[in-house]
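Colleague: Quick one: the structure is below, questions incoming.
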Amino acid sequence: MGRIFPKEFPISGSSRPHGPQADVRFALHQRQPRADKLDAAQREICRADPAFAEALRKRVKDPRRFAAFVAGAAAYIRLGEPCGTCGGFRRRTRDRACYTCHLARSGANFERMKAGIAPVVGRSRDSHLDLLARQRAERDGECIEKQFGQVVVRRFPTGRLEVQFPDGHVEHDLSKTQGEHVWRLMEMLPEMKDALVWAGWF
């Protein structure tokens, strides 16, 4: 009795390619301009190759996201689509995820890194003691102060950002301010954007 072979079915072809196609112009970079995950390697290529930067810009739908990416900012403000979880307007430049939710998930270590301090990766007791130490340092008035035009910004060891405006008003914790209000402030005070870029907000 002869062997029975399974019936073969032809695979239907498609006249259209699937997914974004590779651009041969960027073969030497060993990277293609992809907008799903923006990273530092792509930024370096953009600075060296204007054609790559232009191709990537066309694939990034939100011009604010691309501007934040070029500037090296960790987040940007997107008023048209608030987060469904927290209602925030700040988005991660890397992948468009909610920046506020990202901070909440990352906990105190992320705030520590944002303040320019190495994270504690030991036991939870060490992390707790570290947080207490940073809170104590903040109560003692330790901070990094920088002036942008008429705007004075203070970044504290806990990651809190305090802003003093030209009229003397002080916003003690900018993270508690609504995204729409922050955006209006940047429109009224151009130096405010520079301050937020310095603080890693924009």
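By convention here, the chains of the structure tokens are called A, B, ... in the order presented, each chain's residues are numbered starting at 1, and ligands are numbered starting at 1 in the order presented.
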Identify, on the basis of only C-alpha atoms, every residue whose closest approach to Val163 (chain A) does not exceed 8 Å; exclude the query and any residue fewer than 2 positions from it along the same chain; express the result as number ranges by chain.
Modeller: A: 151-154, 161, 165, 170-174
Colleague: Run DSSP on the backbone and grab whatever in region 116-194 of chain A lands in strand (DSSP E or B); send it over as number ranges by chain.
Modeller: A: 144-148, 151-155, 161-164, 170-171
Colleague: Pick the closest to Ala137 (chain A) from A:Phe66, A:Trp183, A:Phe156, A:Phe89: which is it, counting only C-alpha atoms?
Modeller: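 The answer is A:Phe156, which sits nearest to Ala137 (chain A).
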Colleague: Between A:Ala67, A:Met186, A:Ala48, A:Ala74, single out the one closest to Ala199 (chain A), counting only C-alpha atoms.
Modeller: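 Result for the nearest residue to Ala199 (chain A): A:Ala74.
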Colleague: Identify which of the residues A:Arg96, A:Pro50, A:Arg91, A:Leu79 lies closest to Ala35 (chain A), counting only C-alpha atoms when measuring atom-to-atom distances.
Modeller: A:Arg96
Colleague: Which distance in Å separates CA of Tyr99 (chain A) and CA of Glu54 (chain A), to one decimal?
Modeller: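 So the two atoms, CA of Tyr99 (chain A) and CA of Glu54 (chain A), lie 26.0 Å apart.
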Colleague: May I ask for the distance between CA of Met192 (chain A) and CA of Lys146 (chain A), given in Å to one decimal place?
Modeller: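 That distance, rounded to one decimal, is 11.7 Å.
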Colleague: For Pro33 (chain A), list every protein, DNA or RNA residue within 7 Å, evaluated using only C-alpha atoms, and leave out those in the same chain fewer than 3 positions away; present the list as a PDB file with C-alpha atoms, in the first residue's frame.
Modeller:
ATOM      1  CA  PHE A  52      16.847  59.720   7.733  1.00  0.00           C
ATOM      2  CA  ALA A  55      11.874  59.978   6.622  1.00  0.00           C
ATOM      3  CA  LEU A  56      11.302  59.455  10.343  1.00  0.00           C
TER       4      LEU A  56
END
Colleague: Between A:Arg47, A:Lys58, A:Arg184, A:Lys37, which has the minimum distance to Asp95 (chain A) (counting only C-alpha atoms)?
Modeller: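 Ranked by minimum distance to Asp95 (chain A), first place goes to A:Lys37.
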